[in-house]
file structure_0.pdb (PDB, C-alpha atoms, pLDDT in the B column)
MODEL        1
ATOM      1  CA  MET A   1     110.061  78.750 126.424  1.00 71.00           C
ATOM      2  CA  THR A   2     108.210  80.309 123.509  1.00 68.00           C
ATOM      3  CA  VAL A   3     106.969  78.314 120.523  1.00 68.00           C
ATOM      4  CA  GLU A   4     107.087  80.060 117.155  1.00 69.00           C
ATOM      5  CA  ILE A   5     103.816  80.231 115.251  1.00 70.00           C
ATOM      6  CA  GLU A   6     102.699  81.981 112.109  1.00 74.00           C
ATOM      7  CA  GLU A   7     100.967  85.215 113.114  1.00 78.00           C
ATOM      8  CA  GLY A   8      98.319  84.636 110.462  1.00 85.00           C
ATOM      9  CA  MET A   9      96.962  81.715 112.466  1.00 93.00           C
ATOM     10  CA  LEU A  10      96.348  84.001 115.446  1.00 96.00           C
ATOM     11  CA  VAL A  11      94.254  86.546 113.511  1.00 97.00           C
ATOM     12  CA  ARG A  12      91.719  85.081 111.104  1.00 97.00           C
ATOM     13  CA  VAL A  13      88.480  85.888 109.340  1.00 98.00           C
ATOM     14  CA  GLN A  14      87.164  82.640 107.981  1.00 98.00           C
ATOM     15  CA  GLN A  15      83.988  81.004 106.756  1.00 98.00           C
ATOM     16  CA  GLU A  16      84.503  77.591 108.284  1.00 97.00           C
ATOM     17  CA  ASN A  17      83.869  76.731 111.906  1.00 98.00           C
ATOM     18  CA  PHE A  18      86.780  76.504 114.319  1.00 98.00           C
ATOM     19  CA  SER A  19      87.739  74.012 117.011  1.00 98.00           C
ATOM     20  CA  LEU A  20      87.913  75.460 120.511  1.00 98.00           C
ATOM     21  CA  ASP A  21      90.377  72.762 121.541  1.00 98.00           C
ATOM     22  CA  GLN A  22      92.712  73.506 118.634  1.00 97.00           C
ATOM     23  CA  GLU A  23      92.590  77.257 119.124  1.00 98.00           C
ATOM     24  CA  LEU A  24      93.100  76.969 122.871  1.00 97.00           C
ATOM     25  CA  GLU A  25      96.068  74.704 122.273  1.00 96.00           C
ATOM     26  CA  ARG A  26      97.483  77.206 119.786  1.00 96.00           C
ATOM     27  CA  VAL A  27      97.617  79.834 122.537  1.00 97.00           C
ATOM     28  CA  ARG A  28      98.477  77.523 125.435  1.00 96.00           C
ATOM     29  CA  THR A  29     101.556  76.128 123.687  1.00 95.00           C
ATOM     30  CA  ARG A  30     102.910  79.554 122.769  1.00 94.00           C
ATOM     31  CA  SER A  31     104.802  79.883 126.027  1.00 96.00           C
ATOM     32  CA  THR A  32     105.402  77.935 129.193  1.00 96.00           C
ATOM     33  CA  ARG A  33     105.145  81.256 131.037  1.00 97.00           C
ATOM     34  CA  ILE A  34     101.376  81.317 130.470  1.00 97.00           C
ATOM     35  CA  GLY A  35      99.545  80.692 133.728  1.00 97.00           C
ATOM     36  CA  GLY A  36      96.058  81.971 132.909  1.00 97.00           C
ATOM     37  CA  ILE A  37      93.942  81.844 129.788  1.00 98.00           C
ATOM     38  CA  ALA A  38      90.743  83.855 129.285  1.00 98.00           C
ATOM     39  CA  MET A  39      88.392  83.139 126.421  1.00 98.00           C
ATOM     40  CA  PHE A  40      85.351  84.833 124.929  1.00 98.00           C
ATOM     41  CA  LEU A  41      83.243  82.776 122.534  1.00 98.00           C
ATOM     42  CA  GLY A  42      80.367  84.497 120.777  1.00 98.00           C
ATOM     43  CA  THR A  43      77.645  82.202 119.454  1.00 98.00           C
ATOM     44  CA  ALA A  44      74.544  82.675 117.329  1.00 97.00           C
ATOM     45  CA  ARG A  45      71.413  83.112 119.452  1.00 96.00           C
ATOM     46  CA  ASP A  46      67.814  82.621 118.349  1.00 95.00           C
ATOM     47  CA  ARG A  47      66.429  85.841 119.792  1.00 94.00           C
ATOM     48  CA  SER A  48      67.358  89.435 119.046  1.00 90.00           C
ATOM     49  CA  LYS A  49      65.667  92.673 120.111  1.00 86.00           C
ATOM     50  CA  GLY A  50      62.427  90.901 120.928  1.00 87.00           C
ATOM     51  CA  HIS A  51      62.101  88.821 117.788  1.00 91.00           C
ATOM     52  CA  ASP A  52      62.971  85.264 116.854  1.00 96.00           C
ATOM     53  CA  VAL A  53      65.992  84.646 114.670  1.00 96.00           C
ATOM     54  CA  SER A  54      66.237  81.522 112.541  1.00 97.00           C
ATOM     55  CA  SER A  55      69.795  82.025 111.236  1.00 97.00           C
ATOM     56  CA  MET A  56      72.173  84.780 110.226  1.00 97.00           C
ATOM     57  CA  THR A  57      74.836  85.790 107.742  1.00 98.00           C
ATOM     58  CA  PHE A  58      77.949  87.848 108.385  1.00 98.00           C
ATOM     59  CA  GLU A  59      79.448  90.018 105.688  1.00 98.00           C
ATOM     60  CA  HIS A  60      82.960  91.411 106.041  1.00 98.00           C
ATOM     61  CA  TYR A  61      85.176  93.833 104.184  1.00 98.00           C
ATOM     62  CA  GLU A  62      87.902  91.510 102.914  1.00 97.00           C
ATOM     63  CA  GLY A  63      91.318  92.873 103.769  1.00 97.00           C
ATOM     64  CA  MET A  64      90.182  95.705 106.011  1.00 97.00           C
ATOM     65  CA  ALA A  65      88.549  93.325 108.509  1.00 98.00           C
ATOM     66  CA  GLN A  66      91.744  91.289 108.742  1.00 97.00           C
ATOM     67  CA  LYS A  67      93.799  94.460 109.188  1.00 97.00           C
ATOM     68  CA  ARG A  68      91.598  95.603 112.041  1.00 97.00           C
ATOM     69  CA  LEU A  69      91.776  92.260 113.849  1.00 97.00           C
ATOM     70  CA  LYS A  70      95.554  92.300 113.460  1.00 97.00           C
ATOM     71  CA  GLU A  71      95.637  95.796 114.895  1.00 97.00           C
ATOM     72  CA  ILE A  72      93.505  94.675 117.865  1.00 98.00           C
ATOM     73  CA  ARG A  73      95.876  91.802 118.608  1.00 98.00           C
ATOM     74  CA  GLU A  74      98.936  94.041 118.357  1.00 97.00           C
ATOM     75  CA  ARG A  75      97.430  96.716 120.604  1.00 98.00           C
ATOM     76  CA  ALA A  76      96.363  94.116 123.173  1.00 98.00           C
ATOM     77  CA  LEU A  77      99.902  92.713 123.266  1.00 98.00           C
ATOM     78  CA  GLN A  78     101.285  96.213 123.653  1.00 98.00           C
ATOM     79  CA  ASP A  79      98.827  97.652 126.186  1.00 98.00           C
ATOM     80  CA  PHE A  80      98.182  94.690 128.493  1.00 98.00           C
ATOM     81  CA  ASP A  81     100.537  92.449 130.410  1.00 98.00           C
ATOM     82  CA  ILE A  82      99.751  89.375 128.345  1.00 98.00           C
ATOM     83  CA  ILE A  83     101.738  86.832 126.391  1.00 98.00           C
ATOM     84  CA  GLU A  84      99.510  85.921 123.468  1.00 97.00           C
ATOM     85  CA  ALA A  85      96.204  86.904 121.889  1.00 98.00           C
ATOM     86  CA  LEU A  86      94.138  85.078 119.299  1.00 98.00           C
ATOM     87  CA  VAL A  87      91.265  86.797 117.475  1.00 98.00           C
ATOM     88  CA  LEU A  88      88.964  84.934 115.063  1.00 98.00           C
ATOM     89  CA  HIS A  89      85.714  85.903 113.384  1.00 98.00           C
ATOM     90  CA  ARG A  90      83.594  83.886 110.974  1.00 98.00           C
ATOM     91  CA  TYR A  91      81.692  85.163 107.955  1.00 98.00           C
ATOM     92  CA  GLY A  92      79.006  83.729 105.710  1.00 98.00           C
ATOM     93  CA  PRO A  93      75.889  81.840 106.803  1.00 98.00           C
ATOM     94  CA  ILE A  94      75.811  80.755 110.440  1.00 98.00           C
ATOM     95  CA  GLU A  95      73.147  78.608 112.079  1.00 97.00           C
ATOM     96  CA  ILE A  96      71.739  79.146 115.558  1.00 97.00           C
ATOM     97  CA  GLY A  97      74.096  77.851 118.231  1.00 97.00           C
ATOM     98  CA  GLU A  98      77.169  77.930 115.996  1.00 98.00           C
ATOM     99  CA  ASN A  99      80.391  79.734 116.816  1.00 98.00           C
ATOM    100  CA  ILE A 100      80.809  83.300 115.523  1.00 98.00           C
ATOM    101  CA  VAL A 101      83.759  84.933 117.210  1.00 98.00           C
ATOM    102  CA  LEU A 102      86.589  83.800 119.455  1.00 98.00           C
ATOM    103  CA  ILE A 103      89.071  85.710 121.581  1.00 98.00           C
ATOM    104  CA  ILE A 104      91.685  83.820 123.576  1.00 98.00           C
ATOM    105  CA  ILE A 105      94.230  85.574 125.763  1.00 98.00           C
ATOM    106  CA  GLY A 106      97.196  83.912 127.419  1.00 98.00           C
ATOM    107  CA  ALA A 107      98.885  85.728 130.288  1.00 98.00           C
ATOM    108  CA  GLU A 108     100.927  84.998 133.369  1.00 98.00           C
ATOM    109  CA  HIS A 109      97.988  85.936 135.589  1.00 96.00           C
ATOM    110  CA  ARG A 110      94.205  85.921 135.292  1.00 96.00           C
ATOM    111  CA  ALA A 111      93.547  89.623 135.866  1.00 97.00           C
ATOM    112  CA  ASP A 112      95.435  90.732 132.769  1.00 97.00           C
ATOM    113  CA  ALA A 113      93.948  87.910 130.713  1.00 98.00           C
ATOM    114  CA  PHE A 114      90.375  88.905 131.649  1.00 98.00           C
ATOM    115  CA  LYS A 115      90.979  92.618 131.054  1.00 98.00           C
ATOM    116  CA  ALA A 116      92.581  92.086 127.653  1.00 98.00           C
ATOM    117  CA  CYS A 117      89.866  89.645 126.589  1.00 98.00           C
ATOM    118  CA  GLN A 118      87.090  92.122 127.407  1.00 98.00           C
ATOM    119  CA  TRP A 119      88.952  94.934 125.654  1.00 98.00           C
ATOM    120  CA  CYS A 120      89.520  92.852 122.513  1.00 98.00           C
ATOM    121  CA  ILE A 121      85.877  91.908 121.997  1.00 98.00           C
ATOM    122  CA  ASP A 122      84.690  95.451 122.749  1.00 97.00           C
ATOM    123  CA  GLU A 123      87.211  96.892 120.317  1.00 97.00           C
ATOM    124  CA  LEU A 124      86.368  94.303 117.681  1.00 98.00           C
ATOM    125  CA  LYS A 125      82.731  95.418 117.780  1.00 96.00           C
ATOM    126  CA  LYS A 126      83.777  99.058 117.468  1.00 96.00           C
ATOM    127  CA  ILE A 127      86.342  99.014 114.683  1.00 96.00           C
ATOM    128  CA  THR A 128      85.985  95.867 112.578  1.00 97.00           C
ATOM    129  CA  PRO A 129      84.037  96.167 109.315  1.00 98.00           C
ATOM    130  CA  ILE A 130      81.723  93.200 109.756  1.00 98.00           C
ATOM    131  CA  TRP A 131      77.944  93.285 109.353  1.00 97.00           C
ATOM    132  CA  LYS A 132      75.215  90.887 110.408  1.00 97.00           C
ATOM    133  CA  MET A 133      71.976  90.036 108.687  1.00 97.00           C
ATOM    134  CA  GLU A 134      69.436  88.180 110.808  1.00 96.00           C
ATOM    135  CA  TYR A 135      66.701  86.062 109.247  1.00 97.00           C
ATOM    136  CA  THR A 136      63.467  86.488 111.203  1.00 94.00           C
ATOM    137  CA  PRO A 137      59.780  85.581 110.677  1.00 91.00           C
ATOM    138  CA  GLN A 138      59.230  89.275 109.941  1.00 89.00           C
ATOM    139  CA  GLY A 139      61.871  89.352 107.223  1.00 91.00           C
ATOM    140  CA  ASP A 140      65.607  89.815 106.808  1.00 93.00           C
ATOM    141  CA  VAL A 141      67.133  92.472 109.040  1.00 92.00           C
ATOM    142  CA  TRP A 142      70.567  94.081 108.861  1.00 93.00           C
ATOM    143  CA  VAL A 143      71.651  94.600 112.461  1.00 92.00           C
ATOM    144  CA  GLU A 144      72.761  98.175 112.909  1.00 79.00           C
ATOM    145  CA  GLU A 145      73.955  98.533 116.452  1.00 65.00           C
ATOM    146  CA  HIS A 146      75.301  96.673 119.401  1.00 52.00           C
ATOM    147  CA  PRO A 147      74.594  97.221 123.071  1.00 39.00           C
TER     148      PRO A 147
ATOM    149  CA  MET B   1      84.825 106.412  87.004  1.00 88.00           C
ATOM    150  CA  ALA B   2      85.509 105.603  90.639  1.00 91.00           C
ATOM    151  CA  GLN B   3      84.098 102.406  92.013  1.00 95.00           C
ATOM    152  CA  VAL B   4      82.419 102.690  95.395  1.00 97.00           C
ATOM    153  CA  ARG B   5      81.786  99.485  97.329  1.00 97.00           C
ATOM    154  CA  LEU B   6      78.709  99.154  99.511  1.00 97.00           C
ATOM    155  CA  PHE B   7      78.270  96.899 102.507  1.00 97.00           C
ATOM    156  CA  GLY B   8      75.447  95.649 104.691  1.00 95.00           C
ATOM    157  CA  MET B   9      72.151  97.507 104.603  1.00 94.00           C
ATOM    158  CA  LEU B  10      73.458 100.140 102.183  1.00 95.00           C
ATOM    159  CA  LYS B  11      72.861  97.799  99.267  1.00 94.00           C
ATOM    160  CA  THR B  12      69.134  97.827 100.052  1.00 92.00           C
ATOM    161  CA  LEU B  13      69.119 101.588  99.394  1.00 92.00           C
ATOM    162  CA  VAL B  14      70.445 101.249  95.854  1.00 91.00           C
ATOM    163  CA  SER B  15      68.463  98.364  94.392  1.00 87.00           C
ATOM    164  CA  GLY B  16      70.751  95.686  95.771  1.00 88.00           C
ATOM    165  CA  VAL B  17      73.926  96.593  93.906  1.00 92.00           C
ATOM    166  CA  SER B  18      77.201  96.272  95.772  1.00 95.00           C
ATOM    167  CA  ILE B  19      79.306  98.617  93.617  1.00 96.00           C
ATOM    168  CA  LEU B  20      78.413 102.105  92.379  1.00 96.00           C
ATOM    169  CA  GLU B  21      80.337 103.873  89.638  1.00 94.00           C
ATOM    170  CA  ILE B  22      80.734 107.561  90.333  1.00 93.00           C
ATOM    171  CA  SER B  23      82.450 110.180  88.211  1.00 91.00           C
ATOM    172  CA  LEU B  24      84.941 112.291  90.161  1.00 89.00           C
ATOM    173  CA  PRO B  25      86.376 115.626  89.031  1.00 88.00           C
ATOM    174  CA  ASP B  26      90.129 116.248  89.149  1.00 89.00           C
ATOM    175  CA  GLY B  27      91.193 117.232  92.647  1.00 92.00           C
ATOM    176  CA  ALA B  28      88.109 115.629  94.160  1.00 95.00           C
ATOM    177  CA  GLN B  29      87.786 115.201  97.893  1.00 96.00           C
ATOM    178  CA  VAL B  30      85.617 112.809  99.858  1.00 96.00           C
ATOM    179  CA  LYS B  31      83.057 115.569 100.350  1.00 95.00           C
ATOM    180  CA  ASP B  32      82.642 115.803  96.550  1.00 95.00           C
ATOM    181  CA  LEU B  33      81.878 112.106  96.468  1.00 96.00           C
ATOM    182  CA  VAL B  34      79.339 112.568  99.262  1.00 95.00           C
ATOM    183  CA  ASP B  35      77.674 115.430  97.337  1.00 95.00           C
ATOM    184  CA  SER B  36      77.513 113.337  94.208  1.00 94.00           C
ATOM    185  CA  LEU B  37      76.060 110.345  96.047  1.00 95.00           C
ATOM    186  CA  HIS B  38      73.540 112.565  97.823  1.00 95.00           C
ATOM    187  CA  ALA B  39      72.342 113.927  94.500  1.00 94.00           C
ATOM    188  CA  GLN B  40      71.936 110.491  92.939  1.00 94.00           C
ATOM    189  CA  TYR B  41      70.893 108.462  95.972  1.00 95.00           C
ATOM    190  CA  PRO B  42      69.269 110.785  98.533  1.00 95.00           C
ATOM    191  CA  ASP B  43      68.659 108.100 101.188  1.00 94.00           C
ATOM    192  CA  LEU B  44      72.279 106.979 101.032  1.00 95.00           C
ATOM    193  CA  GLY B  45      73.511 110.569 100.982  1.00 95.00           C
ATOM    194  CA  GLU B  46      71.487 111.419 104.062  1.00 95.00           C
ATOM    195  CA  LEU B  47      73.168 108.646 106.053  1.00 95.00           C
ATOM    196  CA  LEU B  48      76.574 109.974 104.975  1.00 95.00           C
ATOM    197  CA  ILE B  49      75.696 113.530 105.947  1.00 93.00           C
ATOM    198  CA  GLN B  50      74.442 112.367 109.332  1.00 92.00           C
ATOM    199  CA  LYS B  51      77.756 110.481 109.728  1.00 90.00           C
ATOM    200  CA  LYS B  52      75.893 107.241 110.272  1.00 92.00           C
ATOM    201  CA  VAL B  53      77.867 105.860 107.360  1.00 95.00           C
ATOM    202  CA  VAL B  54      81.581 106.500 106.950  1.00 95.00           C
ATOM    203  CA  VAL B  55      83.760 106.521 103.869  1.00 97.00           C
ATOM    204  CA  SER B  56      86.891 104.435 103.698  1.00 98.00           C
ATOM    205  CA  VAL B  57      89.662 105.056 101.201  1.00 97.00           C
ATOM    206  CA  ASN B  58      92.182 102.299 100.641  1.00 97.00           C
ATOM    207  CA  GLN B  59      90.809 100.512 103.691  1.00 97.00           C
ATOM    208  CA  GLU B  60      91.235 103.445 106.094  1.00 96.00           C
ATOM    209  CA  ILE B  61      88.446 105.675 107.393  1.00 96.00           C
ATOM    210  CA  ALA B  62      88.718 108.967 105.478  1.00 96.00           C
ATOM    211  CA  HIS B  63      87.952 112.551 106.464  1.00 95.00           C
ATOM    212  CA  TRP B  64      85.762 114.571 104.145  1.00 94.00           C
ATOM    213  CA  GLU B  65      88.722 116.713 103.125  1.00 95.00           C
ATOM    214  CA  ALA B  66      90.784 113.700 102.040  1.00 96.00           C
ATOM    215  CA  ALA B  67      91.808 113.713  98.378  1.00 95.00           C
ATOM    216  CA  LEU B  68      90.389 111.068  96.063  1.00 95.00           C
ATOM    217  CA  VAL B  69      91.533 109.622  92.787  1.00 92.00           C
ATOM    218  CA  GLU B  70      89.517 107.214  90.716  1.00 88.00           C
ATOM    219  CA  SER B  71      91.940 104.344  91.323  1.00 92.00           C
ATOM    220  CA  ASP B  72      91.406 104.552  95.104  1.00 95.00           C
ATOM    221  CA  GLU B  73      89.617 101.681  96.805  1.00 96.00           C
ATOM    222  CA  ILE B  74      86.555 103.488  98.089  1.00 97.00           C
ATOM    223  CA  ALA B  75      83.886 101.949 100.313  1.00 98.00           C
ATOM    224  CA  LEU B  76      80.882 103.104 102.306  1.00 98.00           C
ATOM    225  CA  LEU B  77      80.675 101.504 105.724  1.00 97.00           C
ATOM    226  CA  PRO B  78      77.456 101.388 107.739  1.00 96.00           C
ATOM    227  CA  PRO B  79      77.693 100.856 111.534  1.00 95.00           C
ATOM    228  CA  PHE B  80      79.628  97.695 112.272  1.00 96.00           C
ATOM    229  CA  ALA B  81      77.869  94.700 113.759  1.00 95.00           C
ATOM    230  CA  GLY B  82      80.490  92.038 114.290  1.00 94.00           C
ATOM    231  CA  GLY B  83      80.743  89.883 117.365  1.00 91.00           C
ATOM    232  CA  ALA B  84      77.800  88.066 118.835  1.00 83.00           C
TER     233      ALA B  84
ENDMDL
END
call {"tool": "encode", "arguments": {"input": "structure_0.pdb", "output": "structure tokens"}}
result
Amino acid sequence: MTVEIEEGMLVRVQQENFSLDQELERVRTRSTRIGGIAMFLGTARDRSKGHDVSSMTFEHYEGMAQKRLKEIRERALQDFDIIEALVLHRYGPIEIGENIVLIIIGAEHRADAFKACQWCIDELKKITPIWKMEYTPQGDVWVEEHP
Amino acid sequence: MAQVRLFGMLKTLVSGVSILEISLPDGAQVKDLVDSLHAQYPDLGELLIQKKVVVSVNQEIAHWEAALVESDEIALLPPFAGGA
């Protein structure tokens, strides 16, 4: 059985925090065929490239960022044997330890869920117009690259 | 005048502004915009020439030969840094 849900809830760029329980439930209840769920949660850490970070701010390109996340979800659903994908990213000021990004994949089996989850976060970093400024004791730094 | 949106660290190269107004000739291509930006803002232009910054037109990454009109939504995108 598949439960209908507005696609917009499965791809979001938002300022406010999100509830892991609510988002997990959103994916879990999509289909009774789901037997494995993989999740990646990115959080704000207090250390970056050898310096302390006190907080950060994410800037996004309104419209284009949403389009790219939608594209990532659609490609994941097309290219992997999965049932549902949820992709969220926050913007604005974020304190250390807070949630930043969330990928949740529901599939029949774990292998496809893990593979799709890894692909989604890697692709998000590559193609989504989002930028991070870190606040450090040495000053404010725009982060330019990701490992 | 075409409006060119700037994101991330690019704003620090142009006194903190987030939108530049650039005059485009008829039949302009992205490369004409790059030339114009390079002349007015050499640091910004250098990043474009080195392809460290890409140009988007109407929210799609554009090639340098792509045609531009002043009503296009033009943006300069430094390397992305989403995720955690």
call {"tool": "atom_distance", "arguments": {"input": "structure_0.pdb", "atom1": "atom CA of His38 of chain B", "atom2": "atom CA of Thr128 of chain A"}}
result
25.5 Å
call {"tool": "residues_around", "arguments": {"input": "structure_0.pdb", "residues": "segment 47-64 of chain A", "least_positions_apart": "5", "cutoff": "9 Å", "atoms": "only C-alpha atoms", "output": "PyMOL selection string"}}
result
(chain A and resi 13+69+90-96+100+128-138+140) or (chain B and resi 7-8+58-60+81-82)
call {"tool": "interface_residues", "arguments": {"input": "structure_0.pdb", "of": "chain B", "to": "chain A", "cutoff": "12 Å", "atoms": "all atoms listed in the file", "output": "PyMOL selection string"}}
result
chain B and resi 5-12+18+52-61+73-84
call {"tool": "resolve_selection", "arguments": {"input": "structure_0.pdb", "expression": "the PyMOL selection byres ((chain B and resi 23-37) around 10)", "output": "compact mmCIF listing (two decimals) with C-alpha atoms, keeping the file's coordinate frame"}}
result
# COMPACT_ATOMS: atom_id res chain seq x y z
CA MET B 1 84.82 106.41 87.00
CA ALA B 2 85.51 105.60 90.64
CA GLN B 3 84.10 102.41 92.01
CA VAL B 4 82.42 102.69 95.40
CA LEU B 20 78.41 102.10 92.38
CA GLU B 21 80.34 103.87 89.64
CA ILE B 22 80.73 107.56 90.33
CA HIS B 38 73.54 112.56 97.82
CA ALA B 39 72.34 113.93 94.50
CA GLN B 40 71.94 110.49 92.94
CA TYR B 41 70.89 108.46 95.97
CA PRO B 42 69.27 110.78 98.53
CA ASP B 43 68.66 108.10 101.19
CA LEU B 44 72.28 106.98 101.03
CA GLY B 45 73.51 110.57 100.98
CA GLU B 46 71.49 111.42 104.06
CA LEU B 47 73.17 108.65 106.05
CA LEU B 48 76.57 109.97 104.98
CA ILE B 49 75.70 113.53 105.95
CA VAL B 55 83.76 106.52 103.87
CA SER B 56 86.89 104.44 103.70
CA VAL B 57 89.66 105.06 101.20
CA ALA B 62 88.72 108.97 105.48
CA HIS B 63 87.95 112.55 106.46
CA TRP B 64 85.76 114.57 104.14
CA GLU B 65 88.72 116.71 103.12
CA ALA B 66 90.78 113.70 102.04
CA ALA B 67 91.81 113.71 98.38
CA LEU B 68 90.39 111.07 96.06
CA VAL B 69 91.53 109.62 92.79
CA GLU B 70 89.52 107.21 90.72
CA ILE B 74 86.56 103.49 98.09
call {"tool": "residues_around", "arguments": {"input": "structure_0.pdb", "residues": "Ala76 of chain A", "least_positions_apart": "2", "cutoff": "9 Å", "atoms": "all atoms listed in the file", "output": "NGL selection string"}}
result
:A and (71-74 or 78-82 or 84-85 or 116-117 or 119-120)
call {"tool": "write_last_selection", "arguments": {"input": "structure_0.pdb", "atoms": "C-alpha atoms", "output": "mmCIF file, in the frame of the given file"}}
result
data_model
loop_
_atom_site.group_PDB
_atom_site.id
_atom_site.type_symbol
_atom_site.label_atom_id
_atom_site.label_comp_id
_atom_site.auth_asym_id
_atom_site.auth_seq_id
_atom_site.Cartn_x
_atom_site.Cartn_y
_atom_site.Cartn_z
ATOM 1 C CA GLU A 71 95.637 95.796 114.895
ATOM 2 C CA ILE A 72 93.505 94.675 117.865
ATOM 3 C CA ARG A 73 95.876 91.802 118.608
ATOM 4 C CA GLU A 74 98.936 94.041 118.357
ATOM 5 C CA GLN A 78 101.285 96.213 123.653
ATOM 6 C CA ASP A 79 98.827 97.652 126.186
ATOM 7 C CA PHE A 80 98.182 94.690 128.493
ATOM 8 C CA ASP A 81 100.537 92.449 130.410
ATOM 9 C CA ILE A 82 99.751 89.375 128.345
ATOM 10 C CA GLU A 84 99.510 85.921 123.468
ATOM 11 C CA ALA A 85 96.204 86.904 121.889
ATOM 12 C CA ALA A 116 92.581 92.086 127.653
ATOM 13 C CA CYS A 117 89.866 89.645 126.589
ATOM 14 C CA TRP A 119 88.952 94.934 125.654
ATOM 15 C CA CYS A 120 89.520 92.852 122.513
#
call {"tool": "closest_residue", "arguments": {"input": "structure_0.pdb", "among": "A:Asp112, A:Gly97, A:Gln14, A:Ile104", "to": "Arg26 of chain A", "atoms": "only C-alpha atoms"}}
result
A:Ile104
call {"tool": "atom_distance", "arguments": {"input": "structure_0.pdb", "atom1": "atom CA of Gln15 of chain A", "atom2": "atom CA of Thr29 of chain A"}}
result
24.9 Å
call {"tool": "atom_distance", "arguments": {"input": "structure_0.pdb", "atom1": "atom CA of Ile5 of chain A", "atom2": "atom CA of Ala111 of chain A"}}
result
24.9 Å
call {"tool": "decode", "arguments": {"input": "structure_0.pdb", "residues": "segment 66-122 of chain A", "atoms": "C-alpha atoms", "output": "mmCIF file, in the first residue's frame"}}
result
data_model
loop_
_atom_site.group_PDB
_atom_site.id
_atom_site.type_symbol
_atom_site.label_atom_id
_atom_site.label_comp_id
_atom_site.auth_asym_id
_atom_site.auth_seq_id
_atom_site.Cartn_x
_atom_site.Cartn_y
_atom_site.Cartn_z
ATOM 1 C CA GLN A 66 14.964 23.677 -4.566
ATOM 2 C CA LYS A 67 15.108 22.638 -8.224
ATOM 3 C CA ARG A 68 18.392 20.843 -7.686
ATOM 4 C CA LEU A 69 17.150 18.961 -4.621
ATOM 5 C CA LYS A 70 14.050 17.935 -6.562
ATOM 6 C CA GLU A 71 16.253 16.715 -9.381
ATOM 7 C CA ILE A 72 18.365 14.694 -6.914
ATOM 8 C CA ARG A 73 15.271 13.013 -5.491
ATOM 9 C CA GLU A 74 13.908 12.213 -8.947
ATOM 10 C CA ARG A 75 17.222 10.789 -10.159
ATOM 11 C CA ALA A 76 17.600 8.688 -7.005
ATOM 12 C CA LEU A 77 14.114 7.243 -7.515
ATOM 13 C CA GLN A 78 14.939 6.518 -11.135
ATOM 14 C CA ASP A 79 18.470 5.128 -10.776
ATOM 15 C CA PHE A 80 18.241 3.101 -7.559
ATOM 16 C CA ASP A 81 15.876 0.362 -6.488
ATOM 17 C CA ILE A 82 14.233 2.443 -3.786
ATOM 18 C CA ILE A 83 10.705 3.423 -2.877
ATOM 19 C CA GLU A 84 11.021 6.921 -1.461
ATOM 20 C CA ALA A 85 13.609 9.644 -0.936
ATOM 21 C CA LEU A 86 13.440 12.735 1.239
ATOM 22 C CA VAL A 87 15.980 15.557 0.883
ATOM 23 C CA LEU A 88 16.038 18.568 3.232
ATOM 24 C CA HIS A 89 18.541 21.363 3.726
ATOM 25 C CA ARG A 90 18.379 24.298 6.119
ATOM 26 C CA TYR A 91 19.522 27.855 5.482
ATOM 27 C CA GLY A 92 20.160 30.870 7.677
ATOM 28 C CA PRO A 93 22.028 30.923 10.991
ATOM 29 C CA ILE A 94 22.757 27.529 12.527
ATOM 30 C CA GLU A 95 24.317 26.898 15.927
ATOM 31 C CA ILE A 96 26.875 24.206 16.694
ATOM 32 C CA GLY A 97 25.245 20.802 17.070
ATOM 33 C CA GLU A 98 22.103 21.752 15.153
ATOM 34 C CA ASN A 99 20.752 19.879 12.157
ATOM 35 C CA ILE A 100 21.810 21.073 8.691
ATOM 36 C CA VAL A 101 20.877 18.488 6.109
ATOM 37 C CA LEU A 102 18.812 15.314 6.049
ATOM 38 C CA ILE A 103 18.539 12.505 3.527
ATOM 39 C CA ILE A 104 16.175 9.612 4.183
ATOM 40 C CA ILE A 105 15.792 6.717 1.773
ATOM 41 C CA GLY A 106 13.152 4.019 2.010
ATOM 42 C CA ALA A 107 13.707 0.807 0.071
ATOM 43 C CA GLU A 108 12.753 -2.836 0.179
ATOM 44 C CA HIS A 109 16.303 -3.779 1.155
ATOM 45 C CA ARG A 110 19.189 -2.112 2.970
ATOM 46 C CA ALA A 111 21.794 -2.252 0.202
ATOM 47 C CA ASP A 112 19.827 -0.023 -2.154
ATOM 48 C CA ALA A 113 18.872 2.317 0.676
ATOM 49 C CA PHE A 114 22.521 2.803 1.713
ATOM 50 C CA LYS A 115 23.741 3.286 -1.862
ATOM 51 C CA ALA A 116 21.059 5.835 -2.718
ATOM 52 C CA CYS A 117 21.603 7.721 0.539
ATOM 53 C CA GLN A 118 25.340 8.084 -0.104
ATOM 54 C CA TRP A 119 24.715 9.143 -3.700
ATOM 55 C CA CYS A 120 22.147 11.767 -2.679
ATOM 56 C CA ILE A 121 24.373 13.547 -0.169
ATOM 57 C CA ASP A 122 27.376 13.430 -2.514
#
